[in-house]
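Presented below is the structure to which this report refers.
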Amino acid sequence: MTITNGELAGELVRGATDAAKHGPEHVTEPTAYDAILLASFGGPEGQGDVIPFLRNVTRGRGIPDERLEEVAHHYRAFDGISPINQQNRELKAALEAELERRGIDLPVLWGNRNWAPFIRDAVAEANDRGFTKLIAIGTSAYSSYSSCRQYREDYAAALTDTGLDGVIQIDKVRQFFDHPGFVTPFVDGLRTGLAEVAAAGIPLSETHVLFSTHSIPSTDAAKSGPSFRGFGEGGAYEAQHRAVAEVVIAAQDENGPDAAVPDATAERAARSSEAWSLVFQSRSGPPTQPWLEPDINDAIRDLAADGIRAVVIVPLGFVSDHMEVKWDLDTEAMETSNELGVLAIRVPTPGIHAAYVSGLIDLVLERRDGVPVAERPSLTELGPWYDVCRSGCCENVRLGFKPALAGQTP
């Protein structure tokens, strides 16, 4: 996204006005946190869990079990087991190991929105252990209702449900879409993916990079991020993804797998902004409701028709290989590619990549120590993102409608 000097000046004035009305954008006072709350979406861990889990995801919407069963087949294909809970166990262990390595005494609690252990269980555990100040890490990097504001609402609801409102304080680290710890695994993964394509004998001119993320309703996207930033129809959600994709692509141009090849200059020059796309996946809800597009499968079909022989899929919107990655990318997108004779390589998600784990701890310390904004790392012009939500930011325009049936939110 390009911003002129005049637009930037206007944005800064609007931002200053917003800060005056609604408090500071960033917290720079140290806070003595007692523990970390790792918060995630949750998932079933057996066939008998699938429908109860989906009832939790869609609570309040009155969706019958017959309709839920239409979505359940994603989980049924994996014996009713979502990988997300095990991935969070591994992430929790990795965070604890990194904290120990750094000599930081902060226990890690874990709670989910939609399946055990629930966030309210983690809050109750915190109270039992005498913790009164928690710093939360939500396992979503971007800005939207489902990926940020709803987490904050869940924390508040958990405090109310446990009767601990006013007893326990829960703060949340900023959205970390452009933090080096989150971006570095994608840079590394894409570099490896492009090298695999080159090894298969397919030139870069016949290769396309697809940055994939969870689709959300267009109305939600438009409301993501504070309105004064003027992100347009796709809101902060789409702008953040595009900005990060540009960073990942730029890193390949500088240090890509062909950097040492003498005659590769023309090949690198051929990979312009036209050689990558932002695509979406995992849409649900009524077909009459507009969601962010294009769908990744439609994009692959169009690319194949244009002569593209290989696609490298970067799951830019996801922190781990949960159900939507395993089904929508590793199953459906791969089937589409195979049918069309297109080589498809899917890049890993951050998971427990050392840079990602270290980056999450850095985000916690950023809030604990009140690190000045100028010292907070961000790889795009959009960040570092806010500690304190702006008025109307990521508003729930659906009055309780939840977009994701099949797994983790974006």
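Chain lettering (A, B, ...) mirrors the order of the structure tokens, residue numbering begins at 1 for each chain separately, and ligand numbering begins at 1 in order of display.
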
Under the rule of at most 6 Å, produce a per-residue listing of region 225-340 of chain A near region 195-215 of chain A: chain, number, name, the closest pair of atoms, and the distance in Å, as CSV, using only C-alpha atoms.
```
residue,atom,partner,partner_atom,distance
A:Pro257,CA,A:Ala195,CA,5.5
A:Ala270,CA,A:Ser205,CA,6.0
A:Ala275,CA,A:His208,CA,5.2
A:Trp276,CA,A:Val209,CA,4.5
A:Ser277,CA,A:Leu210,CA,5.2
A:Leu278,CA,A:Phe211,CA,4.8
A:Val279,CA,A:Ser212,CA,4.9
A:Phe280,CA,A:Ser215,CA,5.0
A:Gln281,CA,A:His214,CA,5.1
A:Ser282,CA,A:His214,CA,5.8
A:Arg283,CA,A:Ser215,CA,5.4
A:Leu292,CA,A:Ser215,CA,5.3
A:Ile308,CA,A:Glu206,CA,4.7
A:Arg309,CA,A:Glu206,CA,5.5
A:Ala310,CA,A:Thr207,CA,4.7
A:Val311,CA,A:His208,CA,4.8
A:Val312,CA,A:Val209,CA,4.8
A:Ile313,CA,A:Leu210,CA,4.8
A:Val314,CA,A:Phe211,CA,4.7
A:Pro315,CA,A:Ser212,CA,4.8
A:Leu316,CA,A:Ser212,CA,5.7
A:Gly317,CA,A:Thr213,CA,4.3
```

Residues as selected, C-alpha atoms, written as an mmCIF file, in the first residue's frame, can you do that?
```cif
data_model
loop_
_atom_site.group_PDB
_atom_site.id
_atom_site.type_symbol
_atom_site.label_atom_id
_atom_site.label_comp_id
_atom_site.auth_asym_id
_atom_site.auth_seq_id
_atom_site.Cartn_x
_atom_site.Cartn_y
_atom_site.Cartn_z
ATOM 1 C CA PRO A 257 17.690 -19.822 -4.236
ATOM 2 C CA ALA A 270 10.630 -11.843 -14.556
ATOM 3 C CA ALA A 275 4.110 -13.306 -10.060
ATOM 4 C CA TRP A 276 2.323 -13.601 -6.720
ATOM 5 C CA SER A 277 -1.254 -13.317 -5.530
ATOM 6 C CA LEU A 278 -3.195 -13.110 -2.287
ATOM 7 C CA VAL A 279 -5.860 -15.823 -2.276
ATOM 8 C CA PHE A 280 -8.451 -17.003 0.212
ATOM 9 C CA GLN A 281 -9.804 -20.272 1.539
ATOM 10 C CA SER A 282 -12.175 -21.868 4.055
ATOM 11 C CA ARG A 283 -15.208 -19.691 3.396
ATOM 12 C CA LEU A 292 -13.077 -12.121 0.295
ATOM 13 C CA ILE A 308 1.706 -21.579 -15.077
ATOM 14 C CA ARG A 309 3.304 -24.969 -14.342
ATOM 15 C CA ALA A 310 4.048 -24.629 -10.609
ATOM 16 C CA VAL A 311 2.557 -22.880 -7.605
ATOM 17 C CA VAL A 312 4.146 -22.399 -4.204
ATOM 18 C CA ILE A 313 1.440 -22.051 -1.565
ATOM 19 C CA VAL A 314 2.369 -19.909 1.429
ATOM 20 C CA PRO A 315 -0.237 -20.236 4.242
ATOM 21 C CA LEU A 316 0.411 -16.659 5.288
ATOM 22 C CA GLY A 317 -2.675 -16.293 7.462
#
```

- Message: What's around Ile168 (chain A) at 10 Å? Count only C-alpha atoms, leave out sequence neighbours fewer than 5 positions away in its own chain, and write the answer as a list in words.
- Response: Val123, Ala124, Ala126, Asn127, Gly130, Phe131, Thr132, Lys133, Leu134, Leu159 and Gly163 of chain A

Store the residues of this selection in a file with C-alpha atoms, as a tab-separated table (two decimals), in the first residue's frame.
```tsv
chain	number	residue	atom	x	y	z
A	123	VAL	CA	-8.53	-18.30	34.19
A	124	ALA	CA	-9.73	-20.49	37.08
A	126	ALA	CA	-4.67	-18.70	37.30
A	127	ASN	CA	-6.80	-17.79	40.30
A	130	GLY	CA	-2.57	-16.81	42.84
A	131	PHE	CA	-1.96	-15.08	39.51
A	132	THR	CA	-3.67	-11.71	39.10
A	133	LYS	CA	-2.05	-10.26	35.94
A	134	LEU	CA	-2.02	-12.30	32.73
A	159	LEU	CA	-13.62	-13.47	33.85
A	163	GLY	CA	-16.59	-14.46	38.96
```

- Task: Please identify which residues in region 211-253 of chain A DSSP calls alpha helix (DSSP H) from the backbone, and express them as a list in words.
- Result: Ser218, Thr219, Asp220, Ala221, Ala222, Lys223, Gly235, Ala236, Tyr237, Glu238, Ala239, Gln240, His241, Arg242, Ala243, Val244, Ala245, Glu246, Val247, Val248, Ile249, Ala250, Ala251, Gln252 and Asp253 of chain A

Print the selection's residues with C-alpha atoms to a file, as a PDB file, in the first residue's frame.
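The file below, part-v5.pdb, is the result:
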```
ATOM      1  CA  SER A 218     -16.497  -8.640   3.119  1.00  0.00           C
ATOM      2  CA  THR A 219     -18.413  -6.630   5.718  1.00  0.00           C
ATOM      3  CA  ASP A 220     -16.044  -7.904   8.417  1.00  0.00           C
ATOM      4  CA  ALA A 221     -13.010  -7.120   6.300  1.00  0.00           C
ATOM      5  CA  ALA A 222     -14.193  -3.544   5.733  1.00  0.00           C
ATOM      6  CA  LYS A 223     -14.473  -3.045   9.497  1.00  0.00           C
ATOM      7  CA  GLY A 235      -9.780  -3.228   5.599  1.00  0.00           C
ATOM      8  CA  ALA A 236      -6.686  -3.785   7.677  1.00  0.00           C
ATOM      9  CA  TYR A 237      -7.107  -7.538   7.276  1.00  0.00           C
ATOM     10  CA  GLU A 238      -6.355  -7.545   3.568  1.00  0.00           C
ATOM     11  CA  ALA A 239      -3.852  -4.677   3.752  1.00  0.00           C
ATOM     12  CA  GLN A 240      -1.804  -6.466   6.411  1.00  0.00           C
ATOM     13  CA  HIS A 241      -1.641  -9.679   4.406  1.00  0.00           C
ATOM     14  CA  ARG A 242      -0.582  -7.853   1.250  1.00  0.00           C
ATOM     15  CA  ALA A 243       2.082  -5.889   3.110  1.00  0.00           C
ATOM     16  CA  VAL A 244       3.560  -9.050   4.639  1.00  0.00           C
ATOM     17  CA  ALA A 245       3.456 -10.865   1.289  1.00  0.00           C
ATOM     18  CA  GLU A 246       5.488  -8.043  -0.235  1.00  0.00           C
ATOM     19  CA  VAL A 247       8.087  -8.419   2.523  1.00  0.00           C
ATOM     20  CA  VAL A 248       8.345 -12.177   1.971  1.00  0.00           C
ATOM     21  CA  ILE A 249       8.680 -11.741  -1.803  1.00  0.00           C
ATOM     22  CA  ALA A 250      11.287  -9.002  -1.425  1.00  0.00           C
ATOM     23  CA  ALA A 251      13.370 -11.297   0.771  1.00  0.00           C
ATOM     24  CA  GLN A 252      13.372 -13.908  -2.006  1.00  0.00           C
ATOM     25  CA  ASP A 253      14.528 -11.357  -4.573  1.00  0.00           C
TER      26      ASP A 253
END
```

- Task: Select, from A:Val347, A:Phe231, A:Ile36, A:Cys389, the residue with the minimum atom-to-atom distance to Asp105 (chain A), counting only C-alpha atoms.
- Result: A:Ile36

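Put simply, CA of Ser227 (chain A) is 18.0 Å away from CA of Gln150 (chain A).
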
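Proximity to Gln289 (chain A) at 9 Å, evaluated using only C-alpha atoms and with sequence-adjacent residues fewer than 3 positions away removed, yields Pro217, Ser218, Gly285 and Pro286 of chain A.
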
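Residue nearest Arg191 (chain A), chosen from A:Glu375, A:Arg346, A:Glu395, A:Ile352 and counting only C-alpha atoms: A:Arg346.
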
- From a DSSP calculation on the backbone, collect every residue of region 270-364 of chain A in strand (DSSP E) and output the set as a VMD selection string. chain A and resid 276 to 281 310 to 314 343 to 346

- For Glu98 (chain A): contacts at 7 Å, only C-alpha atoms, fewer than 4 positions along chain excluded, given as number ranges by chain: A: 94, 102, 358

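For Val57 (chain A), the set of protein, DNA and RNA residues having any atom at most 7 Å away, when counting only C-alpha atoms and skipping those fewer than 2 positions along the same chain, is Phe53, Leu54, Arg55, Arg59, Asn114 and Leu405 of chain A.
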
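The smallest atom-to-atom distance between Leu360 (chain A) and any of A:Asn112, A:Gln175, A:Asn56, A:Thr28, using only C-alpha atoms, is found for A:Gln175.
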
- Pick the closest to Ser337 (chain A) from A:Arg129, A:Arg120, A:Arg89, A:Arg301: which is it, counting only C-alpha atoms? A:Arg301

- Query: CA of Asn297 (chain A) to CA of Lys326 (chain A): how many Å, to one decimal?
  - Reply: 14.7 Å

Would you list the contacts of Pro372 (chain A) as a compact mmCIF listing (two decimals) with all heavy atoms, in the first residue's frame, taking every protein, DNA or RNA residue within 10 Å and counting only C-alpha atoms, but skipping same-chain residues closer than 3 positions in sequence?
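After the write, selection.txt holds the following:
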```
# COMPACT_ATOMS: atom_id res chain seq x y z
N HIS A 26 -0.25 2.65 22.41
CA HIS A 26 0.70 1.67 22.91
C HIS A 26 0.95 1.89 24.40
O HIS A 26 0.94 3.03 24.88
CB HIS A 26 2.03 1.77 22.14
CG HIS A 26 1.90 1.50 20.68
ND1 HIS A 26 1.71 2.50 19.76
CD2 HIS A 26 1.91 0.34 19.98
CE1 HIS A 26 1.61 1.97 18.56
NE2 HIS A 26 1.72 0.67 18.66
N VAL A 27 1.14 0.78 25.09
CA VAL A 27 1.38 0.84 26.53
C VAL A 27 2.89 0.83 26.77
O VAL A 27 3.58 -0.12 26.38
CB VAL A 27 0.74 -0.36 27.25
CG1 VAL A 27 1.06 -0.33 28.73
CG2 VAL A 27 -0.76 -0.36 27.03
N THR A 28 3.39 1.89 27.38
CA THR A 28 4.82 1.99 27.61
C THR A 28 5.16 2.05 29.10
O THR A 28 6.27 2.42 29.47
CB THR A 28 5.41 3.22 26.89
OG1 THR A 28 4.68 4.39 27.28
CG2 THR A 28 5.32 3.05 25.38
N GLU A 29 4.19 1.67 29.93
CA GLU A 29 4.44 1.53 31.36
C GLU A 29 4.66 0.06 31.67
O GLU A 29 3.87 -0.79 31.25
CB GLU A 29 3.26 2.05 32.18
CG GLU A 29 3.06 3.56 32.12
CD GLU A 29 4.20 4.32 32.78
OE1 GLU A 29 4.76 3.79 33.77
OE2 GLU A 29 4.53 5.42 32.30
N GLU A 366 7.84 -7.09 25.57
CA GLU A 366 7.53 -5.75 25.09
C GLU A 366 6.49 -5.08 25.97
O GLU A 366 6.61 -3.91 26.34
CB GLU A 366 7.03 -5.88 23.65
CG GLU A 366 6.70 -4.63 22.92
CD GLU A 366 6.24 -4.97 21.50
OE1 GLU A 366 7.11 -5.19 20.62
OE2 GLU A 366 5.02 -5.04 21.27
N ARG A 367 5.43 -5.84 26.31
CA ARG A 367 4.39 -5.31 27.19
C ARG A 367 4.84 -5.29 28.66
O ARG A 367 4.55 -4.35 29.40
CB ARG A 367 3.11 -6.13 27.05
CG ARG A 367 2.35 -5.87 25.77
CD ARG A 367 1.82 -4.44 25.67
NE ARG A 367 0.88 -4.13 26.73
CZ ARG A 367 -0.43 -4.32 26.66
NH1 ARG A 367 -0.96 -4.85 25.57
NH2 ARG A 367 -1.21 -3.99 27.67
N ASP A 369 7.79 -4.93 29.88
CA ASP A 369 8.81 -3.92 30.15
C ASP A 369 8.45 -2.53 29.65
O ASP A 369 9.22 -1.59 29.86
CB ASP A 369 10.14 -4.36 29.52
CG ASP A 369 10.63 -5.69 30.06
OD1 ASP A 369 10.23 -6.06 31.19
OD2 ASP A 369 11.39 -6.37 29.35
N GLU A 375 11.27 1.23 19.47
CA GLU A 375 12.14 0.07 19.62
C GLU A 375 11.41 -1.25 19.34
O GLU A 375 11.98 -2.33 19.51
CB GLU A 375 12.73 0.04 21.03
CG GLU A 375 13.59 1.26 21.35
CD GLU A 375 14.07 1.27 22.79
OE1 GLU A 375 14.03 0.21 23.45
OE2 GLU A 375 14.48 2.35 23.27
N ARG A 376 10.16 -1.17 18.91
CA ARG A 376 9.38 -2.38 18.64
C ARG A 376 9.55 -2.78 17.17
O ARG A 376 9.28 -1.98 16.28
CB ARG A 376 7.91 -2.15 18.96
CG ARG A 376 7.65 -1.80 20.41
CD ARG A 376 6.17 -1.72 20.69
NE ARG A 376 5.90 -1.38 22.08
CZ ARG A 376 4.71 -1.51 22.66
NH1 ARG A 376 3.69 -1.98 21.95
NH2 ARG A 376 4.55 -1.20 23.93
```

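Using only C-alpha atoms, the shortest contact distance between Pro64 (chain A) and any of A:Pro52, A:Gly103, A:Gly193, A:Pro350 is found at A:Pro52.
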